[in-house]
Amino acid sequence: MSVLDRKLIRDLIRMWAQSLAIALVMACGVATLILSVGAFRSLDETRTAYYERYRFGDVFATAVRAPMSLANTIAAIDGVAAVEPRLQQQVLVDVENMREPASGLMISLPMERDVAVNALFLEEGRLPEPGRSNEAVVNAKFAEGHKLGLGSSFHALINGARTRLDIVGIVRSPQYIYALGPGEMMPDARRYGVIWMPEPTLAALFDLDGAFNAVSLRMLRDGNETEIIRALDDALEPYGGTGAYARKDQMSHAFLDGELTQLDGMARIMPPIFLLVSAFLINMILSRLISLEREQIGLMKALGYGRLAVAWHYLKLVLVITALGVAIGAALGTWAGRGLTIQYSEFFSFPFLIFQSSPDLYLLAAGISVAAAILGALRSILEAFALPAAVAMRPPAPAVYRALFGDLLGRVRLFSQLTVMGLRHLTRHPVRSAMTAFGIAVSVALPGVGMGTLDSIEDMIDTVYFQADRQDATITFMAERGIDAVEDVQNLPGIIRAEAFLSVPARLRNGHRSRQIGIVGKPAKTDLSRVLDVNLEPVLLPETGLSIGDRMAMILDVQVGDVVRVEMLTGERRVVDAPVTQVVRHYLGLNVFMEINALAQMTGTGTRMSGAYIDVDATEIDELYRTIKSTPVLGSVTLQSVALQLFRETMRENIAIMLGVYIGLAVVIAFGVVYNSARIQLSERSRELATLRVLGFRRGEVSRVLFVETGTIVLVAQPIGWVIGTGFGVLITSSLATDLFRIPFVVNADTYAISSLVVIAAAVVSALIVRRRVNRLDLIQVLKTRE
């Protein structure tokens, strides 16, 4: 082992705590990169493999009743590889020992051929056999939610008939990785299931012999998606087609895509923060080390070591610390990434898991970390490289001191002389002080972002569930009914109030921009499900025109007063130019509202309703549930309280994990920055501190000189951290906003108070560790002159 390598080992042993602190900060960046990119790749690879193996569709459409022979016409569309016509219908489901009604989607299975699109993964049991009309297979999440197994049974209200269904198989489908019930924000395995039955059975139950009402397509690789959708719409139009849509707009795929977007955003935002802080710490520690070892550098050069050998010696110190950080981060990131991937695979109902831990990811993390470390150390290494031996053997020139602010602090005498000594030292290294404050500010921002997300979710919940959609439940009919059906709903047991709504599929266009959505019609002065303006104040729906959601307005690039072309996809399929009369705010989905009578008139079908929002007397809720379970015209029921509880539980669980990670990362950064800063201050001012001890100052007074500087930086960093945290929060929530949901970033005052307390506590602990070194200063050794 060479002399320089032995010196390197001694330096690392002497600075083990500082080196470990830097390595841990760097490990956070490496772990975050491997966690997010690794989980992204694993989830994306699992999704891709699942889609390919089980032939997930590329284009989807529904109709009222199309002849089965039309499937051949659709198959002949240029670019179509496979067609799967089928029957599907929303039904009410009654499971034993379940108090409230559940909903289900019935889907047909062909008996004489394999499923061409959206094939099933058979997890347990078998598929229904021809001639056995009560056999069914259910999705795995629904079976798990009710602890149903092979041989279990439940009842479904199919086209007015209460039908017993016997489970013969448990399956998963690429089309329902994220199975959402009507009006739900989160999958509810107990209240919503997907059920497959033989096609002849469902055809008889739905009175659709020789017909289909839904179709899925797979495209050839060179197929033109836009042209295929247009041709499919033309083919289905005479049969009540409601508009085809691409995979990107399929609900399950869109939610899964949103999660992948979040992982991608995490990989782009978080690692650079940690690597920037670690680069700063390396610069800080290495510059001080080279300053302290000037004589050694001069001696090494005088003894024949070249400039490159000396520079390589200090670079190896940086690389060893970096290697330690990369090793810790790689292990932590792999463990956390694997756990996150498994959690995602369970949440999204994948039948198998492909975990990607490819070498290029670790090489990428190591390369970025080494680059950041070298960047931070470059200036100090170049100084060591350029320092002549003769100059290095002499002590550095004394620092030039001058009165701070015209010696204002000394003349006003607001502070003691020891405090002034601490404050003055801040101005001697303004860049280093600013970077130290920035590092601590980042540690303040991270818990603020995590806890701020909780605040934001609560604000969204308040807006959605307590200001806008205030109903106790939403009832949806199997088919549209006359507006007088609201009186029938009002007469159900326990109903206090009922408000009709009408949902009509339509395509909105503004120039080359278009989007297919459902326009919702409500009474002008709706009270249960209100429409809120951009200031979250309830508004009346005008007699004419569209009240368009702010997200939809952004997509179509319209504002109040603009005219939008509305292509109705049902009824007489009218094409109408309608003005935008209001821009409203809603955090869920893409929204366009109209007054219910105006919407019915635009559709040309007369005043109709799709369902009703209801307010329920809690004392009669059980009787209402029993009545709903036996009412044949109902297709689904969404319970607001159950949906809210599930949403809160799911989000709080996910946010709690994220918050724990952010707080851990904040503690690591705060400890690393404060500890290294205090150690460097100690090394720079050890002679001054020892002199004060010799002059009779107590240990606590001497430590105050050091801690005034550190404490000032920590306090100054707090408001900076609040600003950075708010900026991070806005950036993250805006980048993660999708057509499915948006979360406004809201931070309560106590959020940053807690965040600051966490960071200050970490700073105090690190400062107390340094104080032990102050108390153990060897006064004789420190006061020896370098000459």
# chains A, B, ... in the order shown; residues from 1 in each chain; ligands from 1
>>> residues_around(residues="Leu508 in chain A", least_positions_apart="3", cutoff="9 Å", atoms="only C-alpha atoms", output="JSON, numbers by chain")
{"A": [513, 514, 515, 516, 517, 556, 564, 565, 566, 567, 568]}
>>> write_last_selection(atoms="all heavy atoms", output="tab-separated table (two decimals), in the first residue's frame")
chain	number	residue	atom	x	y	z
A	513	ARG	N	-59.17	20.84	-31.46
A	513	ARG	CA	-59.22	20.23	-30.13
A	513	ARG	C	-60.58	19.57	-29.91
A	513	ARG	O	-61.61	20.18	-30.21
A	513	ARG	CB	-58.96	21.25	-29.03
A	513	ARG	CG	-57.61	21.95	-29.13
A	513	ARG	CD	-57.54	23.12	-28.16
A	513	ARG	NE	-56.29	23.83	-28.24
A	513	ARG	CZ	-55.25	23.64	-27.42
A	513	ARG	NH1	-55.35	22.75	-26.43
A	513	ARG	NH2	-54.15	24.33	-27.56
A	514	SER	N	-60.58	18.36	-29.38
A	514	SER	CA	-61.85	17.68	-29.11
A	514	SER	C	-61.67	16.73	-27.94
A	514	SER	O	-60.56	16.28	-27.64
A	514	SER	CB	-62.33	16.91	-30.34
A	514	SER	OG	-61.48	15.82	-30.63
A	515	ARG	N	-62.77	16.40	-27.30
A	515	ARG	CA	-62.75	15.44	-26.20
A	515	ARG	C	-64.15	14.84	-26.04
A	515	ARG	O	-65.14	15.55	-26.10
A	515	ARG	CB	-62.32	16.11	-24.89
A	515	ARG	CG	-62.10	15.15	-23.73
A	515	ARG	CD	-61.08	14.08	-24.04
A	515	ARG	NE	-59.77	14.60	-24.35
A	515	ARG	CZ	-58.78	14.71	-23.45
A	515	ARG	NH1	-58.99	14.35	-22.19
A	515	ARG	NH2	-57.61	15.17	-23.82
A	516	GLN	N	-64.18	13.52	-25.85
A	516	GLN	CA	-65.45	12.82	-25.64
A	516	GLN	C	-65.70	12.65	-24.15
A	516	GLN	O	-64.86	12.11	-23.43
A	516	GLN	CB	-65.38	11.44	-26.32
A	516	GLN	CG	-66.66	10.63	-26.19
A	516	GLN	CD	-66.57	9.34	-26.96
A	516	GLN	OE1	-66.07	9.31	-28.09
A	516	GLN	NE2	-67.04	8.26	-26.37
A	517	ILE	N	-66.85	13.14	-23.68
A	517	ILE	CA	-67.17	13.07	-22.26
A	517	ILE	C	-68.66	12.85	-22.10
A	517	ILE	O	-69.41	12.74	-23.09
A	517	ILE	CB	-66.76	14.36	-21.51
A	517	ILE	CG1	-67.54	15.55	-22.08
A	517	ILE	CG2	-65.29	14.62	-21.57
A	517	ILE	CD1	-67.55	16.74	-21.17
A	556	LEU	N	-59.75	22.24	-24.09
A	556	LEU	CA	-60.36	22.76	-25.32
A	556	LEU	C	-59.90	24.18	-25.65
A	556	LEU	O	-60.22	24.69	-26.73
A	556	LEU	CB	-61.88	22.74	-25.19
A	556	LEU	CG	-62.55	21.36	-25.08
A	556	LEU	CD1	-64.05	21.52	-24.95
A	556	LEU	CD2	-62.20	20.48	-26.27
A	564	VAL	N	-68.63	26.35	-28.47
A	564	VAL	CA	-68.11	24.99	-28.60
A	564	VAL	C	-69.10	24.18	-29.44
A	564	VAL	O	-70.32	24.28	-29.25
A	564	VAL	CB	-67.92	24.33	-27.22
A	564	VAL	CG1	-67.49	22.88	-27.37
A	564	VAL	CG2	-66.92	25.12	-26.39
A	565	ARG	N	-68.58	23.37	-30.34
A	565	ARG	CA	-69.44	22.47	-31.11
A	565	ARG	C	-69.67	21.20	-30.30
A	565	ARG	O	-68.73	20.53	-29.86
A	565	ARG	CB	-68.81	22.13	-32.46
A	565	ARG	CG	-69.56	21.07	-33.24
A	565	ARG	CD	-69.41	21.26	-34.73
A	565	ARG	NE	-70.07	22.51	-35.16
A	565	ARG	CZ	-70.17	22.87	-36.43
A	565	ARG	NH1	-69.68	22.11	-37.39
A	565	ARG	NH2	-70.77	24.01	-36.75
A	566	VAL	N	-70.94	20.87	-30.08
A	566	VAL	CA	-71.34	19.70	-29.29
A	566	VAL	C	-71.95	18.67	-30.22
A	566	VAL	O	-72.99	18.92	-30.85
A	566	VAL	CB	-72.33	20.09	-28.18
A	566	VAL	CG1	-72.70	18.86	-27.35
A	566	VAL	CG2	-71.75	21.19	-27.29
A	567	GLU	N	-71.33	17.50	-30.32
A	567	GLU	CA	-71.85	16.40	-31.13
A	567	GLU	C	-72.46	15.37	-30.18
A	567	GLU	O	-71.75	14.65	-29.49
A	567	GLU	CB	-70.73	15.76	-31.96
A	567	GLU	CG	-70.03	16.74	-32.89
A	567	GLU	CD	-68.81	16.13	-33.56
A	567	GLU	OE1	-68.56	14.92	-33.33
A	567	GLU	OE2	-68.10	16.84	-34.28
A	568	MET	N	-73.79	15.34	-30.11
A	568	MET	CA	-74.46	14.39	-29.23
A	568	MET	C	-74.27	12.97	-29.77
A	568	MET	O	-74.40	12.73	-30.98
A	568	MET	CB	-75.95	14.72	-29.12
A	568	MET	CG	-76.26	16.18	-28.81
A	568	MET	SD	-75.44	16.81	-27.31
A	568	MET	CE	-76.21	15.79	-26.07
>>> residues_around(residues="Val449 in chain A", least_positions_apart="4", cutoff="10 Å", atoms="only C-alpha atoms", output="VMD selection string")
chain A and resid 444 to 445 453 to 456 658 to 659 662 to 663 722 724 to 730 732 745 to 747 751 to 752 755
>>> write_last_selection(atoms="N, CA and C atoms", output="tab-separated table (two decimals), in the first residue's frame")
chain	number	residue	atom	x	y	z
A	444	VAL	N	-36.30	21.26	5.55
A	444	VAL	CA	-37.57	21.79	6.07
A	444	VAL	C	-38.69	21.57	5.06
A	445	ALA	N	-38.35	21.70	3.78
A	445	ALA	CA	-39.37	21.61	2.73
A	445	ALA	C	-39.95	20.21	2.59
A	453	THR	N	-49.41	17.58	1.56
A	453	THR	CA	-50.24	16.72	0.73
A	453	THR	C	-51.46	16.24	1.50
A	454	LEU	N	-51.25	15.91	2.78
A	454	LEU	CA	-52.40	15.54	3.62
A	454	LEU	C	-53.39	16.70	3.72
A	455	ASP	N	-52.87	17.91	3.95
A	455	ASP	CA	-53.74	19.09	4.00
A	455	ASP	C	-54.49	19.26	2.69
A	456	SER	N	-53.79	19.04	1.59
A	456	SER	CA	-54.40	19.22	0.26
A	456	SER	C	-55.52	18.21	0.04
A	658	MET	N	-45.34	7.87	2.49
A	658	MET	CA	-44.56	8.93	1.88
A	658	MET	C	-44.06	9.93	2.91
A	659	LEU	N	-44.92	10.27	3.87
A	659	LEU	CA	-44.54	11.24	4.89
A	659	LEU	C	-43.41	10.70	5.75
A	662	TYR	N	-40.26	11.05	3.76
A	662	TYR	CA	-39.83	12.45	3.67
A	662	TYR	C	-39.23	12.93	4.98
A	663	ILE	N	-39.84	12.56	6.10
A	663	ILE	CA	-39.30	12.98	7.39
A	663	ILE	C	-37.93	12.35	7.62
A	722	TRP	N	-39.95	27.01	3.98
A	722	TRP	CA	-41.40	27.08	3.77
A	722	TRP	C	-41.71	27.47	2.33
A	724	ILE	N	-39.67	27.09	-0.31
A	724	ILE	CA	-39.26	25.98	-1.18
A	724	ILE	C	-40.29	24.86	-1.12
A	725	GLY	N	-40.77	24.54	0.09
A	725	GLY	CA	-41.77	23.48	0.24
A	725	GLY	C	-43.05	23.79	-0.51
A	726	THR	N	-43.48	25.05	-0.43
A	726	THR	CA	-44.68	25.45	-1.17
A	726	THR	C	-44.44	25.32	-2.67
A	727	GLY	N	-43.27	25.75	-3.11
A	727	GLY	CA	-42.95	25.63	-4.53
A	727	GLY	C	-42.90	24.19	-4.98
A	728	PHE	N	-42.26	23.32	-4.18
A	728	PHE	CA	-42.22	21.89	-4.50
A	728	PHE	C	-43.63	21.32	-4.57
A	729	GLY	N	-44.45	21.68	-3.58
A	729	GLY	CA	-45.81	21.15	-3.53
A	729	GLY	C	-46.63	21.54	-4.74
A	730	VAL	N	-46.55	22.82	-5.11
A	730	VAL	CA	-47.28	23.28	-6.29
A	730	VAL	C	-46.76	22.59	-7.54
A	732	ILE	N	-45.22	19.65	-7.79
A	732	ILE	CA	-45.56	18.23	-7.80
A	732	ILE	C	-47.04	18.02	-8.12
A	745	PHE	N	-52.84	22.23	-4.04
A	745	PHE	CA	-51.86	22.21	-2.95
A	745	PHE	C	-52.24	23.25	-1.91
A	746	VAL	N	-52.52	22.77	-0.70
A	746	VAL	CA	-52.93	23.61	0.42
A	746	VAL	C	-52.06	23.25	1.62
A	747	VAL	N	-51.54	24.25	2.30
A	747	VAL	CA	-50.70	24.02	3.48
A	747	VAL	C	-51.27	24.79	4.66
A	751	THR	N	-48.53	22.88	9.70
A	751	THR	CA	-47.74	21.93	8.92
A	751	THR	C	-46.27	22.31	8.92
A	752	TYR	N	-45.98	23.57	8.58
A	752	TYR	CA	-44.59	24.00	8.54
A	752	TYR	C	-44.03	24.17	9.95
A	755	SER	N	-42.87	20.73	10.66
A	755	SER	CA	-41.71	20.48	9.82
A	755	SER	C	-40.47	21.16	10.37
>>> closest_atom_pairs(of="range 592-686 of chain A", to="range 23-35 of chain A", cutoff="7 Å", atoms="only C-alpha atoms", output="CSV")
residue,atom,partner,partner_atom,distance
A:Leu665,CA,A:Cys28,CA,6.7
A:Val668,CA,A:Val25,CA,6.2
A:Ile669,CA,A:Val25,CA,5.8
A:Gly672,CA,A:Val25,CA,6.9
>>> atom_distance(atom1="CA of Ala524 in chain A", atom2="CA of Gln471 in chain A")
16.4 Å
>>> select_by_dssp(residues="range 112-323 of chain A", states="alpha helix (DSSP H)", output="MDAnalysis selection string")
chainID A and resid 140:146 199:206 225:236 251:292 294:302 307:323
>>> write_last_selection(atoms="C-alpha atoms", output="CSV table (one decimal), in the first residue's frame")
chain,number,residue,atom,x,y,z
A,140,ALA,CA,-60.1,-11.8,-7.8
A,141,LYS,CA,-60.5,-8.5,-5.9
A,142,PHE,CA,-64.2,-9.0,-5.5
A,143,ALA,CA,-63.7,-12.6,-4.3
A,144,GLU,CA,-61.0,-11.4,-1.8
A,145,GLY,CA,-63.2,-8.6,-0.5
A,146,HIS,CA,-66.0,-11.0,0.4
A,199,GLU,CA,-72.8,-15.5,-23.7
A,200,PRO,CA,-76.0,-17.5,-24.3
A,201,THR,CA,-77.1,-17.0,-20.7
A,202,LEU,CA,-76.7,-13.3,-20.7
A,203,ALA,CA,-78.2,-12.9,-24.2
A,204,ALA,CA,-81.4,-14.6,-22.9
A,205,LEU,CA,-81.4,-12.5,-19.7
A,206,PHE,CA,-80.8,-9.2,-21.4
A,225,GLU,CA,-56.0,4.9,-34.3
A,226,THR,CA,-57.9,8.0,-35.3
A,227,GLU,CA,-59.2,6.4,-38.5
A,228,ILE,CA,-60.2,3.2,-36.8
A,229,ILE,CA,-62.2,5.1,-34.2
A,230,ARG,CA,-63.9,7.1,-36.9
A,231,ALA,CA,-64.8,4.0,-38.9
A,232,LEU,CA,-66.0,2.2,-35.7
A,233,ASP,CA,-68.3,5.1,-34.8
A,234,ASP,CA,-69.7,5.1,-38.3
A,235,ALA,CA,-70.4,1.4,-38.1
A,236,LEU,CA,-72.1,1.6,-34.7
A,251,MET,CA,-60.5,4.1,-17.1
A,252,SER,CA,-58.3,1.3,-15.7
A,253,HIS,CA,-55.4,2.1,-18.0
A,254,ALA,CA,-55.7,5.8,-17.3
A,255,PHE,CA,-55.4,5.4,-13.6
A,256,LEU,CA,-52.4,3.0,-13.9
A,257,ASP,CA,-50.8,5.5,-16.4
A,258,GLY,CA,-51.3,8.2,-13.8
A,259,GLU,CA,-49.4,6.2,-11.2
A,260,LEU,CA,-46.5,5.7,-13.6
A,261,THR,CA,-46.5,9.4,-14.3
A,262,GLN,CA,-46.1,10.0,-10.5
A,263,LEU,CA,-43.1,7.7,-10.3
A,264,ASP,CA,-41.6,9.4,-13.3
A,265,GLY,CA,-42.1,12.8,-11.7
A,266,MET,CA,-40.5,11.5,-8.5
A,267,ALA,CA,-37.4,10.3,-10.4
A,268,ARG,CA,-37.0,13.7,-12.0
A,269,ILE,CA,-37.6,15.9,-8.9
A,270,MET,CA,-36.2,14.2,-5.8
A,271,PRO,CA,-32.7,12.8,-6.7
A,272,PRO,CA,-31.2,16.1,-8.0
A,273,ILE,CA,-32.1,17.7,-4.6
A,274,PHE,CA,-30.1,15.2,-2.6
A,275,LEU,CA,-27.2,15.1,-5.1
A,276,LEU,CA,-27.0,18.9,-5.1
A,277,VAL,CA,-26.8,18.9,-1.3
A,278,SER,CA,-24.2,16.1,-1.2
A,279,ALA,CA,-22.1,18.0,-3.8
A,280,PHE,CA,-22.2,21.0,-1.6
A,281,LEU,CA,-21.2,19.0,1.5
A,282,ILE,CA,-18.3,17.4,-0.4
A,283,ASN,CA,-17.1,20.9,-1.5
A,284,MET,CA,-17.3,22.2,2.0
A,285,ILE,CA,-15.5,19.3,3.7
A,286,LEU,CA,-12.8,18.9,1.0
A,287,SER,CA,-12.0,22.6,0.8
A,288,ARG,CA,-11.5,22.7,4.6
A,289,LEU,CA,-9.4,19.6,4.5
A,290,ILE,CA,-7.1,21.0,1.8
A,291,SER,CA,-6.8,24.2,3.8
A,292,LEU,CA,-5.7,22.3,6.9
A,294,ARG,CA,-1.5,22.9,3.1
A,295,GLU,CA,1.8,22.0,4.6
A,296,GLN,CA,1.3,18.3,3.9
A,297,ILE,CA,0.5,19.1,0.3
A,298,GLY,CA,3.6,21.2,0.0
A,299,LEU,CA,5.7,18.4,1.7
A,300,MET,CA,4.3,15.8,-0.7
A,301,LYS,CA,5.2,17.9,-3.7
A,302,ALA,CA,8.6,18.7,-2.3
A,307,ARG,CA,0.5,17.4,-9.0
A,308,LEU,CA,-1.6,14.7,-10.6
A,309,ALA,CA,-0.7,12.2,-7.8
A,310,VAL,CA,-1.8,14.8,-5.1
A,311,ALA,CA,-5.0,15.6,-7.0
A,312,TRP,CA,-5.8,11.9,-7.5
A,313,HIS,CA,-5.3,11.4,-3.7
A,314,TYR,CA,-8.0,13.8,-2.8
A,315,LEU,CA,-10.2,12.6,-5.6
A,316,LYS,CA,-10.0,9.1,-4.2
A,317,LEU,CA,-11.2,10.4,-0.9
A,318,VAL,CA,-14.3,11.8,-2.7
A,319,LEU,CA,-14.8,8.5,-4.7
A,320,VAL,CA,-14.6,6.4,-1.5
A,321,ILE,CA,-17.3,8.5,0.2
A,322,THR,CA,-19.4,8.4,-3.0
A,323,ALA,CA,-19.0,4.6,-3.3
>>> closest_atom_pairs(of="range 704-759 of chain A", to="range 587-607 of chain A", cutoff="6 Å", atoms="only C-alpha atoms", output="Markdown table")
| residue | atom | partner | partner_atom | distance |
| --- | --- | --- | --- | --- |
| A:Asp739 | CA | A:Gly589 | CA | 5.4 |
| A:Leu740 | CA | A:Gly589 | CA | 4.3 |
| A:Phe741 | CA | A:Leu588 | CA | 4.4 |
| A:Arg742 | CA | A:Tyr587 | CA | 5.0 |
>>> select_by_dssp(residues="range 47-287 of chain A", states="strand (DSSP E or B)", output="ChimeraX atom specification")
/A:59-67,80-86,88-94,102-109,121-125,135-139,153-158,161-172,192-198,211-219,245-246
>>> atom_distance(atom1="CA of Val705 in chain A", atom2="CA of Arg773 in chain A")
14.0 Å
